[in-house]
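K.L.:
Take a look at the following structure, please.
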Amino acid sequence: MDRNRKISIMGIVNLTDDSYFADSRCTDVPAALGRIARLVEEGADIIDIGACSTRPGSLPVGAEEEWRRLEPVLKAFRENFQNVTLSIDTYWASVVLKAFALVGPFIVNDISAGEADPEMLPTVGRLGLKYVAMHMRGTPENMQSLTDYNDVVEDVLEYFRNFSEKAEIHGINDWILDPGFGFAKTLEQNYDLLNRLNEIKAGMHPRKVLVGVSRKSMIYRLLGTTPEESLPATQALHMAALERGADMLRVHDVAEAVHTVALYKMLS
């Protein structure tokens, strides 16, 4: 891979009390601002703010509650971090509309790729926003297993070929694909997907690829550890993802990810 390609680090801020990695949780504005400031100082290119946990078994909070949590933090973000790229992790078009009215353009990070809310893709296209589409069969509340598929990579590629057509229909030209590690996939499928990430990169060229494996269960369940103990293994998988063409890493630990990118570039 080209060692000079742009690699972005997206730092995670969760406005929740139940996200699977406790240190990413921020339940008030000062905590959120403190975490954002630290991630920016450590080298984050993008700050990804979410107000609803999407970990397996978590319950959706609804668009109104998401916005109640997001609004004060977005106001503070706008006042304190004008030069930092913002991403909002949501699958509700109404949240996108309210956030756009408050802070202007941002990246929409939608784990449902528009399937959870039929108004999402038309809204993103109309506003001209950058979009992250993640692979996940079903909806956040009703994910379907991929155990009946022989080749997870081919399924993901077909999914994004279909999404590309929908994006074009709705005028979404600037979108990033996320293979959806940990979402409706078996442990073996997650590692097959990562090992063959270069096939997805080639099959969807020149689309950029986001990888989100930070401290996920595909690490700690395999190793018999916890999310808190998964930082070293996370960086090992980040290196593997970079070697296979990842353009963006969505991470809890920005400083360590920045170091991994620097090492990758020296070795490429």
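Within each chain, counting starts at residue 1; across the structure tokens, chains are named A, B, ... in the order shown, with ligands numbered 1 upward in that order.
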Excluding Ser164 in chain A and residues on its chain fewer than 6 positions from it, collect all residues at most 12 Å away from it, counting only C-alpha atoms, and give them as a compact mmCIF listing (two decimals) with N, CA and C atoms, in the first residue's frame.
P.N.:
```txt
# COMPACT_ATOMS: atom_id res chain seq x y z
N ALA A 113 -26.42 2.22 7.68
CA ALA A 113 -26.31 2.58 6.26
C ALA A 113 -27.65 2.99 5.67
N GLY A 114 -28.45 3.69 6.48
CA GLY A 114 -29.72 4.22 6.00
C GLY A 114 -30.88 3.27 6.13
N LEU A 121 -30.94 8.74 4.16
CA LEU A 121 -30.19 8.99 2.92
C LEU A 121 -30.70 10.23 2.18
N TYR A 131 -20.61 10.95 4.60
CA TYR A 131 -21.40 9.87 5.21
C TYR A 131 -20.54 8.62 5.38
N VAL A 132 -20.66 7.97 6.53
CA VAL A 132 -20.06 6.66 6.75
C VAL A 132 -21.19 5.63 6.75
N ALA A 133 -21.11 4.67 5.84
CA ALA A 133 -22.10 3.60 5.74
C ALA A 133 -21.48 2.31 6.26
N LEU A 157 -19.09 -7.01 0.06
CA LEU A 157 -18.90 -6.32 -1.21
C LEU A 157 -20.22 -6.12 -1.95
N GLU A 158 -21.04 -7.15 -1.96
CA GLU A 158 -22.34 -7.02 -2.63
C GLU A 158 -23.20 -5.98 -1.94
N HIS A 170 -29.59 9.24 -4.18
CA HIS A 170 -29.88 10.30 -3.21
C HIS A 170 -28.85 11.43 -3.24
N GLY A 171 -27.93 11.39 -4.17
CA GLY A 171 -26.95 12.48 -4.30
C GLY A 171 -25.87 12.48 -3.26
N ILE A 172 -25.56 11.30 -2.69
CA ILE A 172 -24.48 11.19 -1.70
C ILE A 172 -23.23 10.75 -2.44
N ASN A 173 -22.33 11.67 -2.66
CA ASN A 173 -21.13 11.37 -3.44
C ASN A 173 -19.92 11.09 -2.57
N ASP A 174 -19.87 11.69 -1.40
CA ASP A 174 -18.70 11.57 -0.52
C ASP A 174 -19.05 10.64 0.63
N TRP A 175 -18.84 9.34 0.43
CA TRP A 175 -19.14 8.39 1.49
C TRP A 175 -18.00 7.40 1.68
N ILE A 176 -17.92 6.91 2.91
CA ILE A 176 -16.86 6.02 3.36
C ILE A 176 -17.52 4.71 3.76
N LEU A 177 -16.89 3.58 3.47
CA LEU A 177 -17.48 2.30 3.86
C LEU A 177 -16.82 1.76 5.12
N MET A 204 -14.00 -2.02 -4.06
CA MET A 204 -14.77 -0.77 -3.96
C MET A 204 -13.91 0.45 -4.30
N HIS A 205 -12.75 0.23 -4.90
CA HIS A 205 -11.86 1.34 -5.28
C HIS A 205 -12.62 2.38 -6.10
N ARG A 207 -13.16 3.99 -3.13
CA ARG A 207 -13.85 4.33 -1.89
C ARG A 207 -12.92 4.15 -0.69
```
K.L.:
From the list A:Gly245, A:Gly62, A:Gly34, A:Pro232, which residue is nearest Asn198 in chain A when using only C-alpha atoms?
P.N.:
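The answer is A:Gly245, which sits nearest to Asn198 in chain A.
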K.L.:
Between A:Gly182, A:Pro105, A:Gly50, A:Pro206, which has the minimum distance to Trp67 in chain A (counting only C-alpha atoms)?
P.N.:
A:Gly50
K.L.:
Could you tell me how far CA of Ala44 in chain A sits from CA of His252 in chain A, in Å to one decimal place?
P.N.:
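Distance between the two atoms: 10.3 Å.
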K.L.:
Which of these residues is nearest to Phe163 in chain A, using only C-alpha atoms: A:Arg126, A:Arg69, A:His135, A:Arg5?
P.N.:
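Smallest separation from Phe163 in chain A among the options: A:His135.
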K.L.:
Determine which residues of range 31-259 of chain A receive a DSSP assignment of alpha helix (DSSP H), computed from the backbone, and state them as an mmCIF file with N, CA and C atoms, in the first residue's frame.
P.N.:
```cif
data_model
loop_
_atom_site.group_PDB
_atom_site.id
_atom_site.type_symbol
_atom_site.label_atom_id
_atom_site.label_comp_id
_atom_site.auth_asym_id
_atom_site.auth_seq_id
_atom_site.Cartn_x
_atom_site.Cartn_y
_atom_site.Cartn_z
ATOM 1 N N ALA A 31 -17.260 16.460 31.214
ATOM 2 C CA ALA A 31 -16.548 15.212 30.922
ATOM 3 C C ALA A 31 -16.330 15.050 29.423
ATOM 4 N N ALA A 32 -17.361 15.366 28.640
ATOM 5 C CA ALA A 32 -17.239 15.258 27.187
ATOM 6 C C ALA A 32 -16.184 16.212 26.651
ATOM 7 N N LEU A 33 -16.210 17.456 27.118
ATOM 8 C CA LEU A 33 -15.224 18.439 26.653
ATOM 9 C C LEU A 33 -13.804 18.037 27.046
ATOM 10 N N GLY A 34 -13.671 17.486 28.251
ATOM 11 C CA GLY A 34 -12.353 17.044 28.680
ATOM 12 C C GLY A 34 -11.818 15.919 27.817
ATOM 13 N N ARG A 35 -12.685 14.960 27.491
ATOM 14 C CA ARG A 35 -12.239 13.850 26.643
ATOM 15 C C ARG A 35 -11.923 14.340 25.230
ATOM 16 N N ILE A 36 -12.772 15.202 24.693
ATOM 17 C CA ILE A 36 -12.525 15.734 23.351
ATOM 18 C C ILE A 36 -11.182 16.460 23.303
ATOM 19 N N ALA A 37 -10.928 17.304 24.303
ATOM 20 C CA ALA A 37 -9.676 18.061 24.332
ATOM 21 C C ALA A 37 -8.474 17.127 24.363
ATOM 22 N N ARG A 38 -8.564 16.059 25.145
ATOM 23 C CA ARG A 38 -7.451 15.113 25.240
ATOM 24 C C ARG A 38 -7.237 14.392 23.912
ATOM 25 N N LEU A 39 -8.326 13.951 23.271
ATOM 26 C CA LEU A 39 -8.189 13.235 22.009
ATOM 27 C C LEU A 39 -7.624 14.128 20.909
ATOM 28 N N VAL A 40 -8.050 15.383 20.903
ATOM 29 C CA VAL A 40 -7.521 16.325 19.914
ATOM 30 C C VAL A 40 -6.032 16.560 20.158
ATOM 31 N N GLU A 41 -5.662 16.740 21.423
ATOM 32 C CA GLU A 41 -4.255 16.957 21.760
ATOM 33 C C GLU A 41 -3.404 15.756 21.357
ATOM 34 N N GLU A 42 -3.965 14.562 21.470
ATOM 35 C CA GLU A 42 -3.221 13.349 21.133
ATOM 36 C C GLU A 42 -3.115 13.117 19.624
ATOM 37 N N ALA A 63 -34.680 8.795 19.144
ATOM 38 C CA ALA A 63 -34.142 10.036 18.594
ATOM 39 C C ALA A 63 -34.227 11.200 19.576
ATOM 40 N N GLU A 64 -35.310 11.302 20.324
ATOM 41 C CA GLU A 64 -35.471 12.431 21.249
ATOM 42 C C GLU A 64 -34.425 12.404 22.364
ATOM 43 N N GLU A 65 -34.198 11.222 22.927
ATOM 44 C CA GLU A 65 -33.208 11.108 24.000
ATOM 45 C C GLU A 65 -31.804 11.309 23.457
ATOM 46 N N GLU A 66 -31.532 10.794 22.251
ATOM 47 C CA GLU A 66 -30.232 11.049 21.631
ATOM 48 C C GLU A 66 -29.983 12.551 21.538
ATOM 49 N N TRP A 67 -30.990 13.278 21.052
ATOM 50 C CA TRP A 67 -30.796 14.714 20.873
ATOM 51 C C TRP A 67 -30.665 15.434 22.207
ATOM 52 N N ARG A 68 -31.392 14.984 23.215
ATOM 53 C CA ARG A 68 -31.272 15.604 24.535
ATOM 54 C C ARG A 68 -29.837 15.503 25.044
ATOM 55 N N ARG A 69 -29.194 14.370 24.797
ATOM 56 C CA ARG A 69 -27.814 14.180 25.225
ATOM 57 C C ARG A 69 -26.831 14.947 24.340
ATOM 58 N N LEU A 70 -27.120 14.983 23.051
ATOM 59 C CA LEU A 70 -26.193 15.579 22.099
ATOM 60 C C LEU A 70 -26.172 17.108 22.135
ATOM 61 N N GLU A 71 -27.334 17.726 22.241
ATOM 62 C CA GLU A 71 -27.442 19.168 22.025
ATOM 63 C C GLU A 71 -26.463 19.988 22.857
ATOM 64 N N PRO A 72 -26.397 19.814 24.185
ATOM 65 C CA PRO A 72 -25.473 20.670 24.954
ATOM 66 C C PRO A 72 -24.012 20.407 24.621
ATOM 67 N N VAL A 73 -23.668 19.177 24.294
ATOM 68 C CA VAL A 73 -22.282 18.858 23.952
ATOM 69 C C VAL A 73 -21.926 19.457 22.598
ATOM 70 N N LEU A 74 -22.846 19.415 21.648
ATOM 71 C CA LEU A 74 -22.575 20.005 20.337
ATOM 72 C C LEU A 74 -22.436 21.521 20.430
ATOM 73 N N LYS A 75 -23.239 22.149 21.273
ATOM 74 C CA LYS A 75 -23.095 23.594 21.481
ATOM 75 C C LYS A 75 -21.706 23.916 22.010
ATOM 76 N N ALA A 76 -21.268 23.132 22.988
ATOM 77 C CA ALA A 76 -19.949 23.361 23.575
ATOM 78 C C ALA A 76 -18.847 23.028 22.573
ATOM 79 N N PHE A 77 -19.037 22.007 21.784
ATOM 80 C CA PHE A 77 -18.055 21.648 20.750
ATOM 81 C C PHE A 77 -17.886 22.798 19.761
ATOM 82 N N ARG A 78 -18.998 23.346 19.312
ATOM 83 C CA ARG A 78 -18.963 24.451 18.350
ATOM 84 C C ARG A 78 -18.206 25.646 18.911
ATOM 85 N N GLU A 79 -18.346 25.900 20.209
ATOM 86 C CA GLU A 79 -17.700 27.057 20.827
ATOM 87 C C GLU A 79 -16.208 26.840 21.078
ATOM 88 N N ASN A 80 -15.800 25.576 21.298
ATOM 89 C CA ASN A 80 -14.434 25.312 21.747
ATOM 90 C C ASN A 80 -13.532 24.624 20.730
ATOM 91 N N ALA A 93 -32.497 10.493 11.037
ATOM 92 C CA ALA A 93 -32.459 11.681 10.179
ATOM 93 C C ALA A 93 -32.824 12.931 10.960
ATOM 94 N N SER A 94 -33.734 12.815 11.915
ATOM 95 C CA SER A 94 -34.141 13.990 12.686
ATOM 96 C C SER A 94 -32.974 14.542 13.505
ATOM 97 N N VAL A 95 -32.122 13.660 14.013
ATOM 98 C CA VAL A 95 -30.938 14.097 14.748
ATOM 99 C C VAL A 95 -29.975 14.812 13.808
ATOM 100 N N VAL A 96 -29.808 14.301 12.605
ATOM 101 C CA VAL A 96 -28.942 14.933 11.612
ATOM 102 C C VAL A 96 -29.434 16.341 11.296
ATOM 103 N N LEU A 97 -30.728 16.488 11.093
ATOM 104 C CA LEU A 97 -31.294 17.801 10.768
ATOM 105 C C LEU A 97 -31.061 18.806 11.887
ATOM 106 N N LYS A 98 -31.319 18.393 13.125
ATOM 107 C CA LYS A 98 -31.136 19.293 14.262
ATOM 108 C C LYS A 98 -29.664 19.647 14.453
ATOM 109 N N ALA A 99 -28.786 18.657 14.289
ATOM 110 C CA ALA A 99 -27.364 18.914 14.466
ATOM 111 C C ALA A 99 -26.841 19.855 13.383
ATOM 112 N N PHE A 100 -27.300 19.670 12.160
ATOM 113 C CA PHE A 100 -26.861 20.534 11.065
ATOM 114 C C PHE A 100 -27.292 21.976 11.320
ATOM 115 N N ALA A 101 -28.514 22.154 11.819
ATOM 116 C CA ALA A 101 -28.995 23.500 12.116
ATOM 117 C C ALA A 101 -28.168 24.147 13.224
ATOM 118 N N LEU A 102 -27.623 23.339 14.116
ATOM 119 C CA LEU A 102 -26.874 23.864 15.259
ATOM 120 C C LEU A 102 -25.400 24.108 14.944
ATOM 121 N N VAL A 103 -24.749 23.158 14.258
ATOM 122 C CA VAL A 103 -23.290 23.243 14.094
ATOM 123 C C VAL A 103 -22.836 23.303 12.637
ATOM 124 N N MET A 120 -33.015 8.949 6.239
ATOM 125 C CA MET A 120 -31.603 9.283 6.438
ATOM 126 C C MET A 120 -30.890 9.610 5.127
ATOM 127 N N LEU A 121 -30.942 8.741 4.158
ATOM 128 C CA LEU A 121 -30.191 8.987 2.919
ATOM 129 C C LEU A 121 -30.696 10.225 2.175
ATOM 130 N N PRO A 122 -32.014 10.419 2.027
ATOM 131 C CA PRO A 122 -32.461 11.666 1.400
ATOM 132 C C PRO A 122 -31.991 12.910 2.152
ATOM 133 N N THR A 123 -31.979 12.837 3.482
ATOM 134 C CA THR A 123 -31.551 13.979 4.295
ATOM 135 C C THR A 123 -30.068 14.278 4.097
ATOM 136 N N VAL A 124 -29.244 13.248 4.151
ATOM 137 C CA VAL A 124 -27.798 13.430 3.971
ATOM 138 C C VAL A 124 -27.500 13.978 2.584
ATOM 139 N N GLY A 125 -28.180 13.437 1.573
ATOM 140 C CA GLY A 125 -27.966 13.927 0.216
ATOM 141 C C GLY A 125 -28.381 15.371 0.044
ATOM 142 N N ARG A 126 -29.521 15.727 0.612
ATOM 143 C CA ARG A 126 -30.022 17.093 0.499
ATOM 144 C C ARG A 126 -29.099 18.094 1.186
ATOM 145 N N LEU A 127 -28.523 17.698 2.317
ATOM 146 C CA LEU A 127 -27.633 18.597 3.064
ATOM 147 C C LEU A 127 -26.192 18.567 2.548
ATOM 148 N N VAL A 152 -18.160 -14.123 3.824
ATOM 149 C CA VAL A 152 -18.556 -12.843 4.392
ATOM 150 C C VAL A 152 -18.027 -11.678 3.567
ATOM 151 N N VAL A 153 -16.858 -11.831 2.968
ATOM 152 C CA VAL A 153 -16.284 -10.741 2.177
ATOM 153 C C VAL A 153 -17.127 -10.473 0.945
ATOM 154 N N GLU A 154 -17.553 -11.512 0.265
ATOM 155 C CA GLU A 154 -18.397 -11.325 -0.910
ATOM 156 C C GLU A 154 -19.736 -10.710 -0.523
ATOM 157 N N ASP A 155 -20.271 -11.095 0.631
ATOM 158 C CA ASP A 155 -21.532 -10.511 1.082
ATOM 159 C C ASP A 155 -21.370 -9.016 1.360
ATOM 160 N N VAL A 156 -20.263 -8.651 2.005
ATOM 161 C CA VAL A 156 -20.000 -7.241 2.306
ATOM 162 C C VAL A 156 -19.817 -6.452 1.012
ATOM 163 N N LEU A 157 -19.087 -7.010 0.061
ATOM 164 C CA LEU A 157 -18.896 -6.324 -1.213
ATOM 165 C C LEU A 157 -20.216 -6.119 -1.946
ATOM 166 N N GLU A 158 -21.043 -7.148 -1.963
ATOM 167 C CA GLU A 158 -22.338 -7.016 -2.631
ATOM 168 C C GLU A 158 -23.200 -5.978 -1.939
ATOM 169 N N TYR A 159 -23.143 -5.950 -0.623
ATOM 170 C CA TYR A 159 -23.897 -4.967 0.158
ATOM 171 C C TYR A 159 -23.501 -3.544 -0.243
ATOM 172 N N PHE A 160 -22.208 -3.303 -0.360
ATOM 173 C CA PHE A 160 -21.758 -1.950 -0.680
ATOM 174 C C PHE A 160 -21.934 -1.603 -2.154
ATOM 175 N N ARG A 161 -21.925 -2.592 -3.014
ATOM 176 C CA ARG A 161 -22.266 -2.304 -4.412
ATOM 177 C C ARG A 161 -23.713 -1.813 -4.496
ATOM 178 N N ASN A 162 -24.588 -2.473 -3.752
ATOM 179 C CA ASN A 162 -25.993 -2.046 -3.722
ATOM 180 C C ASN A 162 -26.133 -0.686 -3.064
ATOM 181 N N PHE A 163 -25.384 -0.473 -1.967
ATOM 182 C CA PHE A 163 -25.465 0.821 -1.299
ATOM 183 C C PHE A 163 -24.988 1.932 -2.221
ATOM 184 N N SER A 164 -23.950 1.678 -2.993
ATOM 185 C CA SER A 164 -23.417 2.687 -3.901
ATOM 186 C C SER A 164 -24.491 3.200 -4.852
ATOM 187 N N GLU A 165 -25.350 2.304 -5.316
ATOM 188 C CA GLU A 165 -26.439 2.714 -6.191
ATOM 189 C C GLU A 165 -27.442 3.590 -5.442
ATOM 190 N N LYS A 166 -27.752 3.213 -4.200
ATOM 191 C CA LYS A 166 -28.683 4.024 -3.400
ATOM 192 C C LYS A 166 -28.094 5.402 -3.099
ATOM 193 N N ALA A 167 -26.796 5.420 -2.782
ATOM 194 C CA ALA A 167 -26.140 6.700 -2.500
ATOM 195 C C ALA A 167 -26.214 7.617 -3.715
ATOM 196 N N GLU A 168 -25.987 7.061 -4.890
ATOM 197 C CA GLU A 168 -26.035 7.867 -6.110
ATOM 198 C C GLU A 168 -27.430 8.422 -6.351
ATOM 199 N N ILE A 169 -28.439 7.604 -6.105
ATOM 200 C CA ILE A 169 -29.823 8.051 -6.280
ATOM 201 C C ILE A 169 -30.120 9.252 -5.396
ATOM 202 N N LEU A 187 -17.172 -14.695 15.227
ATOM 203 C CA LEU A 187 -15.775 -14.371 15.519
ATOM 204 C C LEU A 187 -14.895 -14.672 14.307
ATOM 205 N N GLU A 188 -15.101 -15.848 13.707
ATOM 206 C CA GLU A 188 -14.287 -16.241 12.553
ATOM 207 C C GLU A 188 -14.523 -15.299 11.377
ATOM 208 N N GLN A 189 -15.757 -14.874 11.167
ATOM 209 C CA GLN A 189 -16.066 -13.962 10.066
ATOM 210 C C GLN A 189 -15.394 -12.605 10.262
ATOM 211 N N ASN A 190 -15.331 -12.139 11.496
ATOM 212 C CA ASN A 190 -14.655 -10.870 11.761
ATOM 213 C C ASN A 190 -13.188 -10.929 11.332
ATOM 214 N N TYR A 191 -12.522 -12.041 11.656
ATOM 215 C CA TYR A 191 -11.101 -12.144 11.308
ATOM 216 C C TYR A 191 -10.898 -12.432 9.826
ATOM 217 N N ASP A 192 -11.816 -13.151 9.208
ATOM 218 C CA ASP A 192 -11.751 -13.352 7.758
ATOM 219 C C ASP A 192 -11.895 -12.004 7.055
ATOM 220 N N LEU A 193 -12.822 -11.198 7.551
ATOM 221 C CA LEU A 193 -13.068 -9.875 6.982
ATOM 222 C C LEU A 193 -11.829 -8.991 7.103
ATOM 223 N N LEU A 194 -11.201 -9.003 8.270
ATOM 224 C CA LEU A 194 -10.004 -8.188 8.461
ATOM 225 C C LEU A 194 -8.843 -8.705 7.612
ATOM 226 N N ASN A 195 -8.665 -10.010 7.590
ATOM 227 C CA ASN A 195 -7.565 -10.594 6.826
ATOM 228 C C ASN A 195 -7.669 -10.285 5.340
ATOM 229 N N LEU A 197 -9.290 -7.597 4.023
ATOM 230 C CA LEU A 197 -9.732 -6.215 3.852
ATOM 231 C C LEU A 197 -9.238 -5.636 2.528
ATOM 232 N N ASN A 198 -8.073 -6.077 2.082
ATOM 233 C CA ASN A 198 -7.550 -5.592 0.808
ATOM 234 C C ASN A 198 -8.466 -5.935 -0.357
ATOM 235 N N GLU A 199 -9.225 -7.040 -0.258
ATOM 236 C CA GLU A 199 -10.172 -7.393 -1.313
ATOM 237 C C GLU A 199 -11.341 -6.411 -1.346
ATOM 238 N N ILE A 200 -11.786 -5.990 -0.175
ATOM 239 C CA ILE A 200 -12.856 -4.988 -0.110
ATOM 240 C C ILE A 200 -12.350 -3.662 -0.650
ATOM 241 N N LYS A 201 -11.133 -3.303 -0.256
ATOM 242 C CA LYS A 201 -10.528 -2.057 -0.735
ATOM 243 C C LYS A 201 -10.438 -2.063 -2.261
ATOM 244 N N ALA A 202 -9.974 -3.173 -2.836
ATOM 245 C CA ALA A 202 -9.842 -3.263 -4.295
ATOM 246 C C ALA A 202 -11.205 -3.309 -4.967
ATOM 247 N N GLY A 203 -12.140 -4.041 -4.368
ATOM 248 C CA GLY A 203 -13.454 -4.199 -4.974
ATOM 249 C C GLY A 203 -14.289 -2.942 -4.976
ATOM 250 N N SER A 217 -15.249 -7.082 21.152
ATOM 251 C CA SER A 217 -15.336 -8.458 21.650
ATOM 252 C C SER A 217 -14.587 -9.444 20.770
ATOM 253 N N MET A 218 -14.370 -9.130 19.494
ATOM 254 C CA MET A 218 -13.588 -10.023 18.641
ATOM 255 C C MET A 218 -12.162 -10.155 19.162
ATOM 256 N N ILE A 219 -11.750 -9.209 20.004
ATOM 257 C CA ILE A 219 -10.437 -9.285 20.654
ATOM 258 C C ILE A 219 -10.559 -9.953 22.012
ATOM 259 N N TYR A 220 -11.362 -9.379 22.892
ATOM 260 C CA TYR A 220 -11.307 -9.839 24.280
ATOM 261 C C TYR A 220 -11.970 -11.193 24.493
ATOM 262 N N ARG A 221 -12.941 -11.552 23.666
ATOM 263 C CA ARG A 221 -13.513 -12.900 23.794
ATOM 264 C C ARG A 221 -12.538 -13.954 23.289
ATOM 265 N N LEU A 222 -11.846 -13.642 22.227
ATOM 266 C CA LEU A 222 -10.857 -14.589 21.701
ATOM 267 C C LEU A 222 -9.731 -14.807 22.696
ATOM 268 N N LEU A 223 -9.288 -13.741 23.341
ATOM 269 C CA LEU A 223 -8.127 -13.820 24.236
ATOM 270 C C LEU A 223 -8.505 -14.102 25.685
ATOM 271 N N LEU A 231 -5.950 -3.117 24.822
ATOM 272 C CA LEU A 231 -5.250 -2.096 24.054
ATOM 273 C C LEU A 231 -4.107 -2.654 23.197
ATOM 274 N N PRO A 232 -3.196 -3.484 23.744
ATOM 275 C CA PRO A 232 -2.106 -3.984 22.895
ATOM 276 C C PRO A 232 -2.618 -4.769 21.684
ATOM 277 N N ALA A 233 -3.594 -5.633 21.903
ATOM 278 C CA ALA A 233 -4.131 -6.423 20.796
ATOM 279 C C ALA A 233 -4.861 -5.533 19.790
ATOM 280 N N THR A 234 -5.498 -4.481 20.272
ATOM 281 C CA THR A 234 -6.137 -3.531 19.365
ATOM 282 C C THR A 234 -5.130 -2.931 18.401
ATOM 283 N N GLN A 235 -3.972 -2.539 18.927
ATOM 284 C CA GLN A 235 -2.960 -1.937 18.055
ATOM 285 C C GLN A 235 -2.395 -2.948 17.063
ATOM 286 N N ALA A 236 -2.323 -4.217 17.454
ATOM 287 C CA ALA A 236 -1.885 -5.249 16.511
ATOM 288 C C ALA A 236 -2.864 -5.351 15.343
ATOM 289 N N LEU A 237 -4.155 -5.298 15.650
ATOM 290 C CA LEU A 237 -5.162 -5.365 14.587
ATOM 291 C C LEU A 237 -5.186 -4.081 13.772
ATOM 292 N N HIS A 238 -4.906 -2.944 14.403
ATOM 293 C CA HIS A 238 -4.809 -1.695 13.637
ATOM 294 C C HIS A 238 -3.678 -1.791 12.610
ATOM 295 N N MET A 239 -2.544 -2.339 13.009
ATOM 296 C CA MET A 239 -1.441 -2.494 12.058
ATOM 297 C C MET A 239 -1.858 -3.406 10.905
ATOM 298 N N ALA A 240 -2.534 -4.494 11.229
ATOM 299 C CA ALA A 240 -2.997 -5.400 10.175
ATOM 300 C C ALA A 240 -3.970 -4.697 9.236
ATOM 301 N N ALA A 241 -4.850 -3.873 9.785
ATOM 302 C CA ALA A 241 -5.819 -3.146 8.964
ATOM 303 C C ALA A 241 -5.118 -2.150 8.045
ATOM 304 N N LEU A 242 -4.128 -1.459 8.565
ATOM 305 C CA LEU A 242 -3.385 -0.495 7.755
ATOM 306 C C LEU A 242 -2.640 -1.197 6.625
ATOM 307 N N GLU A 243 -2.055 -2.344 6.928
ATOM 308 C CA GLU A 243 -1.340 -3.112 5.902
ATOM 309 C C GLU A 243 -2.270 -3.576 4.794
ATOM 310 N N VAL A 254 -6.391 7.401 21.063
ATOM 311 C CA VAL A 254 -5.848 8.125 19.919
ATOM 312 C C VAL A 254 -4.316 8.116 19.912
ATOM 313 N N ALA A 255 -3.680 8.394 21.029
ATOM 314 C CA ALA A 255 -2.218 8.482 21.041
ATOM 315 C C ALA A 255 -1.588 7.193 20.546
ATOM 316 N N GLU A 256 -2.103 6.064 21.000
ATOM 317 C CA GLU A 256 -1.547 4.773 20.594
ATOM 318 C C GLU A 256 -1.797 4.508 19.111
ATOM 319 N N ALA A 257 -2.961 4.900 18.614
ATOM 320 C CA ALA A 257 -3.253 4.725 17.195
ATOM 321 C C ALA A 257 -2.343 5.592 16.328
ATOM 322 N N VAL A 258 -2.080 6.811 16.775
ATOM 323 C CA VAL A 258 -1.165 7.696 16.048
ATOM 324 C C VAL A 258 0.222 7.054 15.961
ATOM 325 N N HIS A 259 0.675 6.433 17.060
ATOM 326 C CA HIS A 259 1.967 5.754 17.053
ATOM 327 C C HIS A 259 1.960 4.577 16.087
#
```
K.L.:
Have a look at A:Leu86, A:Ser24, A:Gly43, A:Leu15 and name the one nearest to Glu228 in chain A; count only C-alpha atoms.
P.N.:
A:Ser24
K.L.:
Just how far from CA of Cys52 in chain A is CA of Asp117 in chain A, in Å to one decimal?
P.N.:
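It comes out at 15.2 Å.
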K.L.:
List every residue of range 22-203 of chain A that DSSP, applied to the backbone of this structure, places in strand (DSSP E or B), and write the result as a VMD selection string.
P.N.:
chain A and resid 25 46 to 50 85 to 89 107 to 110 130 to 134 138 to 139 142 to 143 175 to 178
K.L.:
Neighbours of Ile46 in chain A within 7 Å (only C-alpha atoms; same-chain residues fewer than 6 positions away dropped), as number ranges by chain?
P.N.:
A: 9-11, 84-87
K.L.:
Just to confirm, what's the straight-line distance from CA of Glu115 in chain A to CA of Pro227 in chain A in Å (one decimal)?
P.N.:
28.7 Å
K.L.:
Excluding same-chain residues fewer than 2 positions from Phe21 in chain A, what lies within 12 Å of it counting only C-alpha atoms, as a ChimeraX atom specification?
P.N.:
/A:12-14,16-19,23-26,53-55,214-217,220,226-231,251-253
